[in-house]
Structure formats: structure tokens, C-alpha cells
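One file, target.txt, carrying compact mmCIF, C-alpha atoms:
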```txt
# COMPACT_ATOMS: atom_id res chain seq x y z
CA MET A 104 -27.97 -15.81 -51.84
CA ALA A 105 -29.99 -13.73 -49.43
CA GLY A 106 -27.92 -11.05 -47.80
CA MET A 107 -25.15 -11.21 -50.41
CA ASN A 108 -24.20 -7.91 -51.99
CA VAL A 109 -23.58 -8.98 -55.58
CA THR A 110 -23.58 -5.42 -56.92
CA SER A 111 -20.28 -4.35 -55.39
CA PRO A 112 -19.12 -0.75 -55.87
CA ALA A 113 -15.90 -2.25 -57.27
CA LEU A 114 -17.86 -3.25 -60.37
CA ARG A 115 -18.54 0.41 -61.26
CA SER A 116 -20.74 -0.19 -64.31
CA ASP A 117 -21.67 -3.18 -66.43
CA SER A 118 -21.30 -0.96 -69.48
CA GLU A 119 -17.52 -1.28 -69.09
CA LEU A 120 -17.90 -4.95 -70.08
CA TRP A 121 -18.90 -3.81 -73.58
CA SER A 122 -16.11 -1.24 -73.86
CA SER A 123 -14.15 -1.15 -77.10
CA ASP A 124 -10.99 -0.51 -75.06
CA PRO A 125 -9.52 -3.98 -74.28
CA HIS A 126 -7.85 -2.73 -71.09
CA VAL A 127 -11.11 -1.34 -69.68
CA LYS A 128 -12.95 -4.52 -70.68
CA HIS A 129 -10.30 -6.75 -69.07
CA GLU A 130 -10.40 -4.75 -65.83
CA ALA A 131 -14.22 -4.91 -65.77
CA LEU A 132 -14.14 -8.70 -66.31
CA SER A 133 -11.58 -9.08 -63.53
CA ARG A 134 -13.71 -7.06 -61.11
CA LEU A 135 -16.82 -9.03 -62.11
CA TYR A 136 -15.05 -12.35 -61.52
CA VAL A 137 -13.80 -11.25 -58.09
CA ALA A 138 -17.25 -9.97 -57.10
CA MET A 139 -19.11 -13.08 -58.34
CA LYS A 140 -16.57 -15.82 -57.55
CA GLY A 141 -18.05 -16.81 -54.18
CA THR A 142 -21.62 -16.84 -55.45
CA MET A 143 -20.68 -18.85 -58.55
CA TYR A 144 -18.81 -21.44 -56.47
CA GLY A 145 -21.77 -21.65 -54.08
CA VAL A 146 -24.17 -22.37 -56.96
CA ALA A 147 -21.76 -24.92 -58.43
CA ARG A 148 -21.17 -26.72 -55.12
CA GLN A 149 -24.91 -26.86 -54.43
CA THR A 150 -25.75 -28.14 -57.92
CA LEU A 151 -22.94 -30.72 -57.82
CA ARG A 152 -23.38 -31.68 -54.16
CA ASP A 153 -23.62 -35.38 -55.05
CA SER A 154 -20.50 -35.39 -57.21
CA PRO A 155 -17.62 -37.44 -55.80
CA ASP A 156 -15.09 -35.20 -57.59
CA ALA A 157 -14.45 -32.04 -55.56
CA GLY A 158 -12.88 -30.30 -58.56
CA ASP A 159 -16.11 -30.41 -60.60
CA ALA A 160 -17.45 -27.21 -59.03
CA GLU A 161 -14.23 -25.35 -59.76
CA ASP A 162 -14.19 -26.66 -63.35
CA ALA A 163 -17.81 -25.61 -63.83
CA VAL A 164 -17.13 -22.06 -62.60
CA HIS A 165 -14.08 -21.63 -64.82
CA ASP A 166 -15.83 -23.11 -67.87
CA ALA A 167 -18.90 -20.96 -67.29
CA PHE A 168 -16.90 -17.76 -66.94
CA GLU A 169 -14.91 -18.62 -70.05
CA ARG A 170 -18.16 -19.19 -71.98
CA PHE A 171 -19.48 -15.89 -70.67
CA VAL A 172 -16.38 -14.04 -71.88
CA ARG A 173 -16.67 -15.64 -75.34
CA ALA A 174 -20.39 -14.79 -75.54
CA LEU A 175 -20.07 -11.26 -74.15
CA ASP A 176 -19.72 -9.52 -77.52
CA HIS A 177 -22.91 -11.20 -78.73
CA LEU A 178 -25.01 -10.28 -75.67
CA PRO A 179 -27.15 -7.14 -75.59
CA SER A 180 -25.68 -4.42 -73.39
CA ASP A 181 -28.77 -4.48 -71.13
CA THR A 182 -28.14 -8.14 -70.17
CA ASP A 183 -28.21 -8.83 -66.42
CA VAL A 184 -24.68 -10.23 -66.36
CA ARG A 185 -24.95 -11.62 -62.83
CA SER A 186 -28.08 -13.66 -63.63
CA TYR A 187 -26.57 -14.74 -66.94
CA LEU A 188 -23.37 -15.89 -65.22
CA LEU A 189 -25.20 -17.84 -62.51
CA GLN A 190 -27.45 -19.53 -65.09
CA THR A 191 -24.38 -20.41 -67.15
CA VAL A 192 -22.71 -21.94 -64.06
CA ARG A 193 -25.85 -23.93 -63.30
CA ASN A 194 -26.13 -25.18 -66.89
CA ARG A 195 -22.45 -26.18 -66.92
CA CYS A 196 -22.95 -28.10 -63.66
CA LEU A 197 -25.94 -29.91 -65.14
CA ASP A 198 -23.81 -30.82 -68.17
CA ILE A 199 -21.18 -32.28 -65.83
CA ARG A 200 -23.82 -34.29 -63.95
CA ARG A 201 -25.27 -35.63 -67.22
CA LYS A 202 -21.84 -36.74 -68.43
CA LYS A 203 -21.16 -38.61 -65.19
CA ARG A 204 -24.52 -40.40 -65.21
CA PRO A 205 -24.41 -44.08 -66.19
CA GLN A 206 -24.53 -44.22 -69.97
CA ALA A 207 -25.08 -47.87 -70.78
CA CYS A 208 -28.51 -49.46 -70.94
CA GLU A 209 -28.35 -52.39 -68.60
CA SER A 210 -30.51 -55.46 -68.97
CA PRO A 211 -32.02 -57.17 -65.93
CA GLU A 212 -29.47 -59.97 -66.34
CA GLN A 213 -26.59 -57.50 -65.95
CA THR A 214 -28.14 -56.01 -62.81
CA ASN A 215 -29.21 -59.25 -61.10
CA GLY A 216 -32.83 -58.74 -62.19
CA LYS A 217 -33.14 -55.16 -60.89
CA ILE A 218 -34.21 -52.33 -63.14
CA ILE A 219 -32.02 -49.33 -62.41
CA GLY A 220 -33.28 -45.78 -62.85
CA THR A 221 -35.56 -44.76 -65.68
CA ALA A 222 -35.60 -45.66 -69.33
CA ILE A 223 -33.99 -42.35 -70.25
CA GLN A 224 -30.38 -43.36 -69.51
CA CYS A 225 -29.20 -44.65 -72.85
CA PRO A 226 -28.13 -41.82 -75.19
CA VAL A 227 -28.80 -43.91 -78.30
CA VAL A 228 -32.54 -44.17 -77.66
CA GLU A 229 -32.92 -41.15 -75.37
CA ALA A 230 -34.22 -38.62 -77.93
CA ALA A 231 -36.72 -40.97 -79.60
CA MET A 232 -37.94 -42.27 -76.27
CA LEU A 233 -38.32 -38.77 -74.87
CA ARG A 234 -40.35 -37.68 -77.91
CA GLU A 235 -42.59 -40.71 -77.50
CA LEU A 236 -43.06 -40.12 -73.76
CA LEU A 237 -43.77 -36.41 -74.26
CA GLY A 238 -46.33 -37.38 -76.90
CA ARG A 239 -48.25 -39.32 -74.25
CA LEU A 240 -48.68 -36.20 -72.08
CA ASN A 241 -51.60 -33.82 -72.58
CA PRO A 242 -50.68 -30.70 -74.60
CA ASP A 243 -50.43 -28.33 -71.60
CA ASP A 244 -48.18 -30.70 -69.65
CA ARG A 245 -46.05 -31.30 -72.73
CA MET A 246 -45.69 -27.53 -73.21
CA ALA A 247 -44.70 -27.01 -69.55
CA VAL A 248 -41.96 -29.66 -69.76
CA THR A 249 -40.74 -28.58 -73.20
CA LEU A 250 -40.41 -24.90 -72.29
CA ARG A 251 -38.55 -25.59 -69.05
CA TRP A 252 -36.32 -28.55 -69.82
CA ILE A 253 -35.84 -28.59 -73.59
CA HIS A 254 -35.80 -24.85 -74.29
CA GLU A 255 -34.30 -24.21 -70.80
CA LEU A 256 -36.36 -21.09 -70.13
CA PRO A 257 -36.61 -19.76 -66.57
CA PRO A 258 -39.89 -20.67 -64.83
CA ALA A 259 -41.19 -17.07 -64.96
CA GLU A 260 -40.78 -16.95 -68.74
CA CYS A 261 -42.45 -20.36 -69.08
CA ALA A 262 -45.40 -19.14 -67.02
CA ASN A 263 -45.68 -16.02 -69.17
CA ALA A 264 -45.56 -18.10 -72.37
CA MET A 265 -48.34 -20.33 -71.03
CA GLU A 266 -50.28 -17.27 -69.81
CA MET A 267 -50.65 -18.47 -66.24
CA PRO A 268 -49.41 -17.40 -62.80
CA LEU A 269 -45.94 -18.67 -61.86
CA ASN A 270 -47.25 -20.79 -58.98
CA ASN A 271 -49.79 -22.53 -61.25
CA TYR A 272 -47.06 -23.17 -63.80
CA ASN A 273 -44.78 -24.71 -61.15
CA VAL A 274 -47.56 -27.03 -60.01
CA ARG A 275 -48.33 -28.05 -63.60
CA LEU A 276 -44.62 -28.68 -64.31
CA HIS A 277 -44.24 -30.80 -61.17
CA ARG A 278 -47.29 -32.92 -62.02
CA ALA A 279 -46.13 -33.29 -65.62
CA MET A 280 -42.69 -34.45 -64.48
CA VAL A 281 -44.28 -37.01 -62.15
CA LYS A 282 -46.37 -38.32 -65.08
CA LEU A 283 -43.33 -38.38 -67.35
CA THR A 284 -41.28 -40.29 -64.78
CA ASP A 285 -44.10 -42.82 -64.30
CA LEU A 286 -44.37 -43.29 -68.07
CA ALA A 287 -40.60 -43.79 -68.35
CA ASP A 288 -40.63 -46.34 -65.53
CA GLN A 289 -43.50 -48.24 -67.20
CA GLN A 290 -41.65 -48.25 -70.51
CA THR A 291 -38.47 -49.53 -68.83
CA LYS A 292 -40.35 -52.41 -67.26
CA GLU A 293 -41.97 -53.25 -70.60
CA CYS A 294 -38.57 -53.23 -72.35
CA PHE A 295 -37.12 -55.77 -69.94
CA LYS A 296 -40.04 -58.21 -69.86
```
Write-out of the structure in C-alpha cells:
Amino acid sequence: MAGMNVTSPALRSDSELWSSDPHVKHEALSRLYVAMKGTMYGVARQTLRDSPDAGDAEDAVHDAFERFVRALDHLPSDTDVRSYLLQTVRNRCLDIRRKKRPQACESPEQTNGKIIGTAIQCPVVEAAMLRELLGRLNPDDRMAVTLRWIHELPPAECANAMEMPLNNYNVRLHRAMVKLTDLADQQTKECFK
């Protein structure tokens, strides 16, 4: 995104997005979409780079913009609409990736004795298993994971909530995710013994 001029003069003012005049609001939304379209598609294509369906990125952008339009009246007028839009696109892409992930829990017999992925692939046991695995982490690691991936806060807000520098938070989150993945792999192996 470096070098991209997202704040185009064609946008005039974000305050037009909260206008009570439907015509002004519609024009402002149209200008915003035109100005952000390339950036939103770039984020979607990057997030869905492993998706075999080329239309997923386009679907994610359209769904995200539609969600933004529906949520607009409920957002404070000082909202950074560009950041909000890009985060909405990213979240929609992650939803698409989750839905396309294998959903069935496979036994070693069904996979010729191989254990595929981690234990957190079966939606029926996913929540209970995740709670159990998070419970095995120390409180600071559990907080780092919970803030980022359950409450979906940006890393800077997570670092502020944990009262630590952003870099320290990122290191803690990475280490916690490695521990969590190891715990999930151990639990998977135990389930299939």
C-alpha cells in the first residue's frame, strides 16, 4: 500500500458519508468505492492467494462494501472509513477461507494413518477444544491470543490493553500461537491413539 494515494481529492470529505441527504450520501459512497476499489481488491487477493476460486476476492470486496454501507449509520462520524473498509475486507476474506477449510474430523483410518492439520478443524468440538487449549496457556499468552484472534482487535490496541510495546506484544503473540499449535497437535495425536 506504500505509495498509494488513498485520500483522493475526489472524495472531498468523509462527512458527506453521514449526510442526511440520500443523494449526497450515495455520491460520497460511489466516490469512496471508486477510490478504494483497487486497494480493497489488492487486500482481498493477497488474503485469498491460496484460494482456487478467482471470484472469491471479488465476492469478498462486494460483501465487505455492502456490510460497510449497512453499518455506516451506526458508526461514529470520526471513523477512519478507509481503515474500517480494509479491515472489513480482510475479515470477509478470512470468513471465506474458514468456510472452505475441511470441516470433517477425519480418523487415521480415513486418511491412511496420517493425521491431517490440527485438532481445531471440526466445528462441533472446536469451541470446547479451543477453550481447553487456551486454558493450558499462561495468563499473559492467553490474553494475547484472546485479544487478537477472539476479540479481533488490531495489534496496536492489543499491545495497549496489555500495557506493553507493540513489538513485545507481537513476539508474545507469536510464541503463544506456537505453543497453542503444539498443544493442538499433541491433542490430535492423543485423540487418534
Task: Coordinates-based distance that separates atom CA of Ala174 of chain A from atom CA of Tyr187 of chain A (Å, one decimal) - done: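 Between these atoms lies a distance of 10.6 Å.
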- [ ] Fewer than 3 positions away in the same chain doesn't count, so skip those; otherwise give me all residues within 8 Å of Val146 of chain A, counting all atoms listed in the file, as a list in words.
- [x]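 My list of contacting residues is Thr142, Met143, Gln149, Thr150, Leu189, Val192 and Arg193 of chain A.
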Task: Using only C-alpha atoms: which of A:Leu237, A:Ile253, A:Met265, A:Met246 has the shortest distance to Asp285 of chain A - done: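 Among the listed residues, the smallest separation from Asp285 of chain A belongs to A:Leu237.
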TODO: Using all atoms listed in the file, find the one residue out of A:Val248, A:Thr291, A:Arg195, A:Pro257 that sits nearest to Val274 of chain A.
DONE: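 That would be A:Val248, the residue with the smallest distance to Val274 of chain A.
Atom CA of Ser186 of chain A is found 27.0 Å from atom CA of Asp244 of chain A.
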TODO: State, in Å with one decimal place, the distance from atom CA of Val184 of chain A to atom CA of Lys128 of chain A.
DONE: 13.7 Å
TODO: Point out the residue among A:Asp117, A:Glu266, A:Glu255, A:Asp162 with the least atom-to-atom distance to Arg185 of chain A, counting all atoms listed in the file.
DONE: A:Asp117
- [ ] Check the smallest atom-to-atom distance from each of A:Ala147, A:Ala287, A:Ala163, A:Leu175 to Glu235 of chain A using all atoms listed in the file, then report the winner.
- [x] A:Ala287
Task: Spatial neighbours of Asn271 of chain A, 12 Å, all atoms listed in the file, chain gap at least 3 places, as a ChimeraX atom specification - done: /A:243-244,247,258-259,261-263,265-268,274-278
What would segment 250-286 of chain A look like with N, CA and C atoms in place, written as a PDB file, in the frame of the given file?
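File written: selection.pdb
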```pdb
ATOM      1  N   LEU A 250     -40.933 -26.253 -72.511  1.00  0.00           N
ATOM      2  CA  LEU A 250     -40.410 -24.900 -72.290  1.00  0.00           C
ATOM      3  C   LEU A 250     -39.291 -24.899 -71.256  1.00  0.00           C
ATOM      4  N   ARG A 251     -39.518 -25.638 -70.164  1.00  0.00           N
ATOM      5  CA  ARG A 251     -38.550 -25.590 -69.050  1.00  0.00           C
ATOM      6  C   ARG A 251     -37.301 -26.417 -69.320  1.00  0.00           C
ATOM      7  N   TRP A 252     -37.454 -27.638 -69.791  1.00  0.00           N
ATOM      8  CA  TRP A 252     -36.320 -28.550 -69.820  1.00  0.00           C
ATOM      9  C   TRP A 252     -35.716 -28.755 -71.202  1.00  0.00           C
ATOM     10  N   ILE A 253     -36.440 -28.455 -72.257  1.00  0.00           N
ATOM     11  CA  ILE A 253     -35.840 -28.590 -73.590  1.00  0.00           C
ATOM     12  C   ILE A 253     -35.359 -27.223 -74.073  1.00  0.00           C
ATOM     13  N   HIS A 254     -36.216 -26.194 -73.899  1.00  0.00           N
ATOM     14  CA  HIS A 254     -35.800 -24.850 -74.290  1.00  0.00           C
ATOM     15  C   HIS A 254     -35.051 -24.132 -73.169  1.00  0.00           C
ATOM     16  N   GLU A 255     -35.036 -24.703 -71.974  1.00  0.00           N
ATOM     17  CA  GLU A 255     -34.300 -24.210 -70.800  1.00  0.00           C
ATOM     18  C   GLU A 255     -34.631 -22.758 -70.457  1.00  0.00           C
ATOM     19  N   LEU A 256     -35.922 -22.420 -70.530  1.00  0.00           N
ATOM     20  CA  LEU A 256     -36.360 -21.090 -70.130  1.00  0.00           C
ATOM     21  C   LEU A 256     -36.535 -21.044 -68.617  1.00  0.00           C
ATOM     22  N   PRO A 257     -36.341 -19.883 -68.009  1.00  0.00           N
ATOM     23  CA  PRO A 257     -36.610 -19.760 -66.570  1.00  0.00           C
ATOM     24  C   PRO A 257     -38.103 -19.938 -66.312  1.00  0.00           C
ATOM     25  N   PRO A 258     -38.476 -20.411 -65.125  1.00  0.00           N
ATOM     26  CA  PRO A 258     -39.890 -20.670 -64.830  1.00  0.00           C
ATOM     27  C   PRO A 258     -40.792 -19.461 -65.073  1.00  0.00           C
ATOM     28  N   ALA A 259     -40.339 -18.256 -64.758  1.00  0.00           N
ATOM     29  CA  ALA A 259     -41.190 -17.070 -64.960  1.00  0.00           C
ATOM     30  C   ALA A 259     -41.508 -16.870 -66.437  1.00  0.00           C
ATOM     31  N   GLU A 260     -40.527 -17.082 -67.304  1.00  0.00           N
ATOM     32  CA  GLU A 260     -40.780 -16.950 -68.740  1.00  0.00           C
ATOM     33  C   GLU A 260     -41.700 -18.051 -69.244  1.00  0.00           C
ATOM     34  N   CYS A 261     -41.559 -19.258 -68.706  1.00  0.00           N
ATOM     35  CA  CYS A 261     -42.450 -20.360 -69.080  1.00  0.00           C
ATOM     36  C   CYS A 261     -43.883 -20.028 -68.696  1.00  0.00           C
ATOM     37  N   ALA A 262     -44.058 -19.506 -67.488  1.00  0.00           N
ATOM     38  CA  ALA A 262     -45.400 -19.140 -67.020  1.00  0.00           C
ATOM     39  C   ALA A 262     -45.994 -18.064 -67.911  1.00  0.00           C
ATOM     40  N   ASN A 263     -45.190 -17.074 -68.278  1.00  0.00           N
ATOM     41  CA  ASN A 263     -45.680 -16.020 -69.170  1.00  0.00           C
ATOM     42  C   ASN A 263     -46.074 -16.593 -70.527  1.00  0.00           C
ATOM     43  N   ALA A 264     -45.260 -17.500 -71.065  1.00  0.00           N
ATOM     44  CA  ALA A 264     -45.560 -18.100 -72.370  1.00  0.00           C
ATOM     45  C   ALA A 264     -46.847 -18.906 -72.315  1.00  0.00           C
ATOM     46  N   MET A 265     -47.112 -19.527 -71.175  1.00  0.00           N
ATOM     47  CA  MET A 265     -48.340 -20.330 -71.030  1.00  0.00           C
ATOM     48  C   MET A 265     -49.503 -19.503 -70.486  1.00  0.00           C
ATOM     49  N   GLU A 266     -49.258 -18.204 -70.272  1.00  0.00           N
ATOM     50  CA  GLU A 266     -50.280 -17.270 -69.810  1.00  0.00           C
ATOM     51  C   GLU A 266     -50.964 -17.755 -68.532  1.00  0.00           C
ATOM     52  N   MET A 267     -50.127 -18.052 -67.540  1.00  0.00           N
ATOM     53  CA  MET A 267     -50.650 -18.470 -66.240  1.00  0.00           C
ATOM     54  C   MET A 267     -49.737 -17.935 -65.143  1.00  0.00           C
ATOM     55  N   PRO A 268     -50.260 -17.839 -63.908  1.00  0.00           N
ATOM     56  CA  PRO A 268     -49.410 -17.400 -62.800  1.00  0.00           C
ATOM     57  C   PRO A 268     -48.251 -18.377 -62.580  1.00  0.00           C
ATOM     58  N   LEU A 269     -47.146 -17.862 -62.063  1.00  0.00           N
ATOM     59  CA  LEU A 269     -45.940 -18.670 -61.860  1.00  0.00           C
ATOM     60  C   LEU A 269     -46.224 -19.886 -60.968  1.00  0.00           C
ATOM     61  N   ASN A 270     -46.967 -19.687 -59.892  1.00  0.00           N
ATOM     62  CA  ASN A 270     -47.250 -20.790 -58.980  1.00  0.00           C
ATOM     63  C   ASN A 270     -48.035 -21.905 -59.689  1.00  0.00           C
ATOM     64  N   ASN A 271     -49.023 -21.523 -60.503  1.00  0.00           N
ATOM     65  CA  ASN A 271     -49.790 -22.530 -61.250  1.00  0.00           C
ATOM     66  C   ASN A 271     -48.889 -23.277 -62.228  1.00  0.00           C
ATOM     67  N   TYR A 272     -47.980 -22.526 -62.865  1.00  0.00           N
ATOM     68  CA  TYR A 272     -47.060 -23.170 -63.800  1.00  0.00           C
ATOM     69  C   TYR A 272     -46.166 -24.185 -63.065  1.00  0.00           C
ATOM     70  N   ASN A 273     -45.638 -23.793 -61.907  1.00  0.00           N
ATOM     71  CA  ASN A 273     -44.780 -24.710 -61.150  1.00  0.00           C
ATOM     72  C   ASN A 273     -45.503 -25.980 -60.751  1.00  0.00           C
ATOM     73  N   VAL A 274     -46.764 -25.850 -60.361  1.00  0.00           N
ATOM     74  CA  VAL A 274     -47.560 -27.030 -60.010  1.00  0.00           C
ATOM     75  C   VAL A 274     -47.757 -27.908 -61.235  1.00  0.00           C
ATOM     76  N   ARG A 275     -48.115 -27.286 -62.365  1.00  0.00           N
ATOM     77  CA  ARG A 275     -48.330 -28.050 -63.600  1.00  0.00           C
ATOM     78  C   ARG A 275     -47.041 -28.765 -64.017  1.00  0.00           C
ATOM     79  N   LEU A 276     -45.897 -28.073 -63.932  1.00  0.00           N
ATOM     80  CA  LEU A 276     -44.620 -28.680 -64.310  1.00  0.00           C
ATOM     81  C   LEU A 276     -44.309 -29.873 -63.401  1.00  0.00           C
ATOM     82  N   HIS A 277     -44.510 -29.708 -62.098  1.00  0.00           N
ATOM     83  CA  HIS A 277     -44.240 -30.800 -61.170  1.00  0.00           C
ATOM     84  C   HIS A 277     -45.098 -32.022 -61.501  1.00  0.00           C
ATOM     85  N   ARG A 278     -46.383 -31.791 -61.704  1.00  0.00           N
ATOM     86  CA  ARG A 278     -47.290 -32.920 -62.020  1.00  0.00           C
ATOM     87  C   ARG A 278     -46.915 -33.566 -63.351  1.00  0.00           C
ATOM     88  N   ALA A 279     -46.533 -32.750 -64.322  1.00  0.00           N
ATOM     89  CA  ALA A 279     -46.130 -33.290 -65.620  1.00  0.00           C
ATOM     90  C   ALA A 279     -44.869 -34.131 -65.492  1.00  0.00           C
ATOM     91  N   MET A 280     -43.920 -33.687 -64.672  1.00  0.00           N
ATOM     92  CA  MET A 280     -42.690 -34.450 -64.480  1.00  0.00           C
ATOM     93  C   MET A 280     -42.956 -35.772 -63.768  1.00  0.00           C
ATOM     94  N   VAL A 281     -43.898 -35.757 -62.827  1.00  0.00           N
ATOM     95  CA  VAL A 281     -44.280 -37.010 -62.150  1.00  0.00           C
ATOM     96  C   VAL A 281     -44.875 -37.972 -63.174  1.00  0.00           C
ATOM     97  N   LYS A 282     -45.770 -37.471 -64.035  1.00  0.00           N
ATOM     98  CA  LYS A 282     -46.370 -38.320 -65.080  1.00  0.00           C
ATOM     99  C   LYS A 282     -45.297 -38.855 -66.021  1.00  0.00           C
ATOM    100  N   LEU A 283     -44.385 -37.983 -66.427  1.00  0.00           N
ATOM    101  CA  LEU A 283     -43.330 -38.380 -67.350  1.00  0.00           C
ATOM    102  C   LEU A 283     -42.433 -39.449 -66.734  1.00  0.00           C
ATOM    103  N   THR A 284     -42.105 -39.295 -65.474  1.00  0.00           N
ATOM    104  CA  THR A 284     -41.280 -40.290 -64.780  1.00  0.00           C
ATOM    105  C   THR A 284     -42.017 -41.627 -64.683  1.00  0.00           C
ATOM    106  N   ASP A 285     -43.302 -41.583 -64.364  1.00  0.00           N
ATOM    107  CA  ASP A 285     -44.100 -42.820 -64.300  1.00  0.00           C
ATOM    108  C   ASP A 285     -44.150 -43.505 -65.665  1.00  0.00           C
ATOM    109  N   LEU A 286     -44.341 -42.715 -66.720  1.00  0.00           N
ATOM    110  CA  LEU A 286     -44.370 -43.290 -68.070  1.00  0.00           C
ATOM    111  C   LEU A 286     -43.018 -43.919 -68.427  1.00  0.00           C
TER     112      LEU A 286
END
```
